[in-house]
file upload.csv (CSV, C-alpha atoms)
chain,number,residue,atom,x,y,z
O,26,MET,CA,26.0,-3.3,14.3
O,27,ASN,CA,26.5,-6.0,16.8
O,28,ASP,CA,25.9,-9.8,16.7
O,29,ASN,CA,22.2,-9.3,17.4
O,30,THR,CA,21.4,-7.0,14.5
O,31,VAL,CA,21.2,-7.3,10.7
O,32,GLY,CA,20.6,-4.1,8.7
O,33,GLY,CA,20.1,-2.0,11.8
O,34,VAL,CA,17.3,-4.2,13.3
O,35,HIS,CA,17.3,-7.2,15.6
O,36,TRP,CA,17.7,-10.5,13.7
O,37,SER,CA,14.3,-11.6,15.0
O,38,PHE,CA,12.7,-8.8,12.9
O,39,TRP,CA,13.8,-10.6,9.8
O,40,ALA,CA,12.8,-14.0,11.1
O,41,ILE,CA,9.3,-12.9,12.1
O,42,GLY,CA,8.8,-11.0,8.9
O,43,ALA,CA,9.9,-14.0,6.8
O,44,VAL,CA,7.6,-16.4,8.7
O,45,ALA,CA,4.7,-13.9,8.5
O,46,LEU,CA,5.2,-13.6,4.7
O,47,VAL,CA,5.3,-17.4,4.2
O,48,TRP,CA,2.2,-17.8,6.4
O,49,ASN,CA,0.3,-15.1,4.5
O,50,LEU,CA,1.4,-16.4,1.1
O,51,MET,CA,0.0,-19.8,2.0
O,52,GLY,CA,-3.3,-18.0,2.5
O,53,VAL,CA,-2.9,-16.2,-0.9
O,54,MET,CA,-2.3,-19.6,-2.6
O,55,ASN,CA,-5.4,-21.0,-0.8
O,56,PHE,CA,-7.4,-18.1,-2.2
O,57,PHE,CA,-6.3,-18.7,-5.7
O,58,MET,CA,-6.9,-22.4,-5.4
O,59,GLN,CA,-10.4,-21.8,-4.3
O,60,MET,CA,-11.0,-19.4,-7.2
O,61,ASN,CA,-9.6,-21.8,-9.8
O,62,ALA,CA,-12.4,-24.0,-11.2
O,63,GLU,CA,-10.2,-26.9,-12.0
O,64,MET,CA,-8.6,-27.0,-8.6
O,65,LEU,CA,-12.0,-26.6,-7.0
O,66,ALA,CA,-13.3,-29.5,-8.9
O,67,ALA,CA,-10.5,-31.7,-7.6
O,68,MET,CA,-11.4,-30.9,-3.9
O,69,PRO,CA,-13.5,-33.2,-1.8
O,70,GLU,CA,-17.2,-32.5,-2.2
O,71,SER,CA,-17.6,-31.2,1.3
O,72,TYR,CA,-15.0,-28.5,0.7
O,73,ARG,CA,-16.5,-27.6,-2.7
O,74,THR,CA,-19.9,-27.3,-1.2
O,75,VAL,CA,-18.7,-24.8,1.4
O,76,ILE,CA,-16.7,-22.7,-1.1
O,77,GLU,CA,-19.4,-22.7,-3.7
O,78,SER,CA,-22.2,-21.8,-1.3
O,79,ARG,CA,-20.5,-19.0,0.5
O,80,ALA,CA,-21.6,-15.4,-0.1
O,81,THR,CA,-19.6,-13.1,-2.3
O,82,TRP,CA,-18.9,-10.8,0.6
O,83,VAL,CA,-17.3,-13.7,2.5
O,84,THR,CA,-15.0,-14.4,-0.4
O,85,ALA,CA,-14.1,-10.7,-0.6
O,86,ALA,CA,-13.3,-10.6,3.1
O,87,PHE,CA,-11.1,-13.7,2.6
O,88,GLY,CA,-9.2,-11.8,-0.1
O,89,VAL,CA,-8.8,-8.8,2.2
O,90,ALA,CA,-7.5,-11.1,4.9
O,91,VAL,CA,-4.9,-12.9,2.9
O,92,PHE,CA,-3.8,-10.1,0.6
O,93,GLY,CA,-3.7,-7.6,3.4
O,94,GLY,CA,-1.5,-10.0,5.4
O,95,ALA,CA,0.8,-10.7,2.6
O,96,LEU,CA,1.2,-7.0,1.7
O,97,GLY,CA,1.6,-6.2,5.4
O,98,SER,CA,4.4,-8.8,5.7
O,99,LEU,CA,6.1,-7.4,2.6
O,100,SER,CA,5.8,-3.9,4.0
O,101,LEU,CA,7.2,-5.0,7.3
O,102,LEU,CA,10.2,-6.6,5.5
O,103,PHE,CA,10.6,-3.3,3.5
O,104,LYS,CA,10.5,-1.5,6.9
O,105,LYS,CA,7.4,0.5,6.0
O,106,SER,CA,5.0,1.5,8.8
O,107,VAL,CA,1.9,0.9,6.5
O,108,ALA,CA,2.4,-2.8,7.6
O,109,PHE,CA,0.4,-1.9,10.8
O,110,TYR,CA,-2.6,-0.8,8.9
O,111,LEU,CA,-2.4,-3.7,6.4
O,112,PHE,CA,-2.3,-6.2,9.3
O,113,ILE,CA,-5.4,-4.5,10.8
O,114,ALA,CA,-7.2,-4.8,7.5
O,115,SER,CA,-6.2,-8.5,7.4
O,116,LEU,CA,-7.5,-9.1,10.9
O,117,ILE,CA,-10.8,-7.4,10.1
O,118,GLY,CA,-11.2,-9.3,6.8
O,119,GLY,CA,-10.4,-12.6,8.5
O,120,ILE,CA,-12.9,-11.9,11.3
O,121,VAL,CA,-15.6,-10.9,8.8
O,122,GLN,CA,-14.8,-14.0,6.8
O,123,ILE,CA,-15.1,-16.5,9.7
O,124,ILE,CA,-18.3,-15.0,11.3
O,125,PRO,CA,-20.7,-17.1,9.2
O,126,THR,CA,-18.7,-20.3,9.7
O,127,ILE,CA,-18.1,-20.2,13.5
O,128,ASP,CA,-19.4,-23.3,15.1
O,129,ILE,CA,-18.7,-23.3,18.9
O,130,GLY,CA,-19.3,-27.0,19.0
O,131,ASP,CA,-16.6,-27.7,16.3
O,132,ILE,CA,-13.3,-27.7,18.2
O,133,GLU,CA,-11.2,-27.9,15.0
O,134,SER,CA,-12.9,-24.8,13.5
O,135,THR,CA,-12.6,-22.9,16.8
O,136,ILE,CA,-8.9,-23.7,17.2
O,137,GLY,CA,-8.2,-22.7,13.6
O,138,THR,CA,-10.1,-19.4,14.1
O,139,GLY,CA,-8.2,-18.8,17.3
O,140,VAL,CA,-4.8,-19.4,15.7
O,141,PHE,CA,-5.6,-16.9,12.9
O,142,ILE,CA,-6.7,-14.3,15.4
O,143,VAL,CA,-3.6,-14.8,17.6
O,144,VAL,CA,-1.2,-14.6,14.6
O,145,ALA,CA,-3.0,-11.5,13.1
O,146,ALA,CA,-3.1,-9.7,16.5
O,147,PHE,CA,0.6,-10.6,17.1
O,148,LEU,CA,1.6,-9.1,13.7
O,149,ILE,CA,-0.4,-5.9,14.5
O,150,TRP,CA,1.4,-5.6,17.9
O,151,TYR,CA,4.8,-6.5,16.4
O,152,SER,CA,4.6,-3.9,13.6
O,153,LYS,CA,3.7,-1.2,16.1
O,154,LEU,CA,6.6,-2.4,18.3
O,155,ALA,CA,9.0,-2.2,15.3
O,156,GLU,CA,7.8,1.3,14.6
O,157,ARG,CA,8.4,2.4,18.2
O,158,LYS,CA,11.9,0.9,18.1
O,159,GLY,CA,12.6,2.8,14.9
O,160,TRP,CA,13.0,-0.3,12.8
O,161,ILE,CA,10.3,0.8,10.4
O,162,SER,CA,9.1,4.2,9.3

call {"tool": "encode", "arguments": {"input": "upload.csv", "output": "structure tokens"}}
result
Amino acid sequence: MNDNTVGGVHWSFWAIGAVALVWNLMGVMNFFMQMNAEMLAAMPESYRTVIESRATWVTAAFGVAVFGGALGSLSLLFKKSVAFYLFIASLIGGIVQIIPTIDIGDIESTIGTGVFIVVAAFLIWYSKLAERKGWIS
């Protein structure tokens, strides 16, 4: 082990895994907040309307996106190659979730969508890189 490795992997592996876990746990918290009637009632009416009017399949896709990402992040930190597949499920769930809400004229929505896709794609790529380097198995 040299100065650049911790537990046999580059230190950046742990940093990326930890940031990914925090990012995805924020999504899980958001999911639970939206499913909690009391918290939903405390949200501004415009948010409530969007959440209450969305289809069940969109909510299910949201769950796949956030729980897949969180489990993928945990799997990455536990050095398990299943992280790759969980991150793919997360990306697919996220894309399915945002399809009905994409508004090309809404720059904030477009940027948020772009950030999600870039982060999810990066985690898919990074988990495959970690597997190729032998950091996960």

call {"tool": "closest_residue", "arguments": {"input": "upload.csv", "among": "O:Ala145, O:Val53, O:Val34, O:Ile120", "to": "Val83 in chain O", "atoms": "all atoms listed in the file"}}
result
O:Ile120

call {"tool": "residues_around", "arguments": {"input": "upload.csv", "residues": "Ser98 in chain O", "least_positions_apart": "5", "cutoff": "10 Å", "atoms": "all atoms listed in the file", "output": "list in words"}}
result
Ile41, Gly42, Ala43, Val44, Ala45, Leu46, Val47, Trp48, Asn49, Leu50, Phe92, Gly93, Phe103, Lys104, Lys105, Ala108, Phe109, Leu111, Phe112, Leu148 and Ser152 of chain O

call {"tool": "atom_distance", "arguments": {"input": "upload.csv", "atom1": "CA of Ser106 in chain O", "atom2": "CA of Ile161 in chain O"}}
result
5.6 Å

call {"tool": "axis_aligned_box", "arguments": {"input": "upload.csv", "around": "range 139-155 of chain O", "padding_each_side": "8 Å", "output": "AutoDock Vina command-line options"}}
result
--center_x 0.4 --center_y -10.3 --center_z 15.6 --size_x 33.2 --size_y 34.2 --size_z 21.4

call {"tool": "atom_distance", "arguments": {"input": "upload.csv", "atom1": "CA of Val121 in chain O", "atom2": "CA of Ala86 in chain O"}}
result
6.2 Å

call {"tool": "residues_around", "arguments": {"input": "upload.csv", "residues": "range 122-127 of chain O", "least_positions_apart": "6", "cutoff": "10 Å", "atoms": "only C-alpha atoms", "output": "list in words"}}
result
Val75, Arg79, Ala80, Trp82, Val83, Thr84, Ala85, Ala86, Phe87, Gly88, Val89, Ala90, Leu116, Ser134, Thr135 and Thr138 of chain O

call {"tool": "atom_distance", "arguments": {"input": "upload.csv", "atom1": "CA of Met54 in chain O", "atom2": "CA of Met68 in chain O"}}
result
14.6 Å

call {"tool": "closest_residue", "arguments": {"input": "upload.csv", "among": "O:Ser115, O:Ser162, O:Asn61, O:Ser78", "to": "Gly97 in chain O", "atoms": "only C-alpha atoms"}}
result
O:Ser115

call {"tool": "closest_residue", "arguments": {"input": "upload.csv", "among": "O:Leu102, O:Gly119, O:Gly94, O:Ala114", "to": "Trp36 in chain O", "atoms": "only C-alpha atoms"}}
result
O:Leu102

call {"tool": "closest_residue", "arguments": {"input": "upload.csv", "among": "O:Leu96, O:Val91, O:Val140, O:Leu65", "to": "Gly52 in chain O", "atoms": "only C-alpha atoms"}}
result
O:Val91

call {"tool": "decode", "arguments": {"input": "upload.csv", "residues": "range 28-96 of chain O", "atoms": "C-alpha atoms", "output": "short mmCIF file (atom, residue, chain, number, x, y, z; two decimals), in the first residue's frame"}}
result
data_model
loop_
_atom_site.label_atom_id
_atom_site.label_comp_id
_atom_site.auth_asym_id
_atom_site.auth_seq_id
_atom_site.Cartn_x
_atom_site.Cartn_y
_atom_site.Cartn_z
CA ASP O 28 0.24 6.95 -0.13
CA ASN O 29 -2.42 6.84 -2.87
CA THR O 30 -4.23 3.70 -1.72
CA VAL O 31 -6.51 2.82 1.17
CA GLY O 32 -7.61 -0.79 1.55
CA GLY O 33 -6.00 -1.75 -1.76
CA VAL O 34 -7.80 0.83 -3.87
CA HIS O 35 -7.04 4.40 -4.82
CA TRP O 36 -8.26 6.92 -2.21
CA SER O 37 -10.53 8.50 -4.83
CA PHE O 38 -12.58 5.28 -4.92
CA TRP O 39 -13.69 5.89 -1.33
CA ALA O 40 -14.32 9.59 -1.94
CA ILE O 41 -16.42 8.93 -5.05
CA GLY O 42 -18.30 6.12 -3.32
CA ALA O 43 -19.06 8.28 -0.27
CA VAL O 44 -20.23 11.25 -2.36
CA ALA O 45 -22.37 8.92 -4.50
CA LEU O 46 -23.93 7.43 -1.37
CA VAL O 47 -24.76 10.87 0.07
CA TRP O 48 -26.18 12.00 -3.30
CA ASN O 49 -28.40 8.94 -3.58
CA LEU O 50 -29.47 8.99 0.07
CA MET O 51 -30.71 12.54 -0.49
CA GLY O 52 -32.88 11.08 -3.25
CA VAL O 53 -34.15 8.36 -0.91
CA MET O 54 -35.01 11.01 1.70
CA ASN O 55 -36.83 13.00 -0.98
CA PHE O 56 -38.79 9.88 -1.94
CA PHE O 57 -39.88 9.25 1.66
CA MET O 58 -40.79 12.92 2.14
CA GLN O 59 -43.03 12.75 -0.93
CA MET O 60 -44.68 9.56 0.33
CA ASN O 61 -45.38 11.02 3.80
CA ALA O 62 -48.80 12.71 3.92
CA GLU O 63 -47.81 15.18 6.64
CA MET O 64 -44.65 16.29 4.86
CA LEU O 65 -46.51 16.49 1.57
CA ALA O 66 -49.13 18.73 3.17
CA ALA O 67 -46.38 21.11 4.31
CA MET O 68 -45.01 21.52 0.77
CA PRO O 69 -46.01 24.44 -1.44
CA GLU O 70 -49.20 23.81 -3.39
CA SER O 71 -47.38 23.72 -6.75
CA TYR O 72 -45.13 20.87 -5.55
CA ARG O 73 -48.06 19.02 -3.99
CA THR O 74 -50.02 19.25 -7.22
CA VAL O 75 -47.18 17.73 -9.23
CA ILE O 76 -46.59 14.91 -6.74
CA GLU O 77 -50.28 14.10 -6.22
CA SER O 78 -51.09 14.13 -9.93
CA ARG O 79 -48.27 11.96 -11.19
CA ALA O 80 -48.94 8.42 -12.31
CA THR O 81 -48.11 5.45 -10.10
CA TRP O 82 -45.60 4.17 -12.66
CA VAL O 83 -43.70 7.48 -12.40
CA THR O 84 -43.51 7.13 -8.62
CA ALA O 85 -42.32 3.54 -9.04
CA ALA O 86 -39.62 4.68 -11.48
CA PHE O 87 -38.57 7.36 -8.99
CA GLY O 88 -38.19 4.62 -6.36
CA VAL O 89 -36.12 2.47 -8.70
CA ALA O 90 -33.91 5.47 -9.47
CA VAL O 91 -33.17 6.49 -5.88
CA PHE O 92 -33.06 3.06 -4.24
CA GLY O 93 -31.06 1.59 -7.14
CA GLY O 94 -28.56 4.43 -6.80
CA ALA O 95 -28.30 4.09 -3.03
CA LEU O 96 -27.88 0.31 -3.19
#
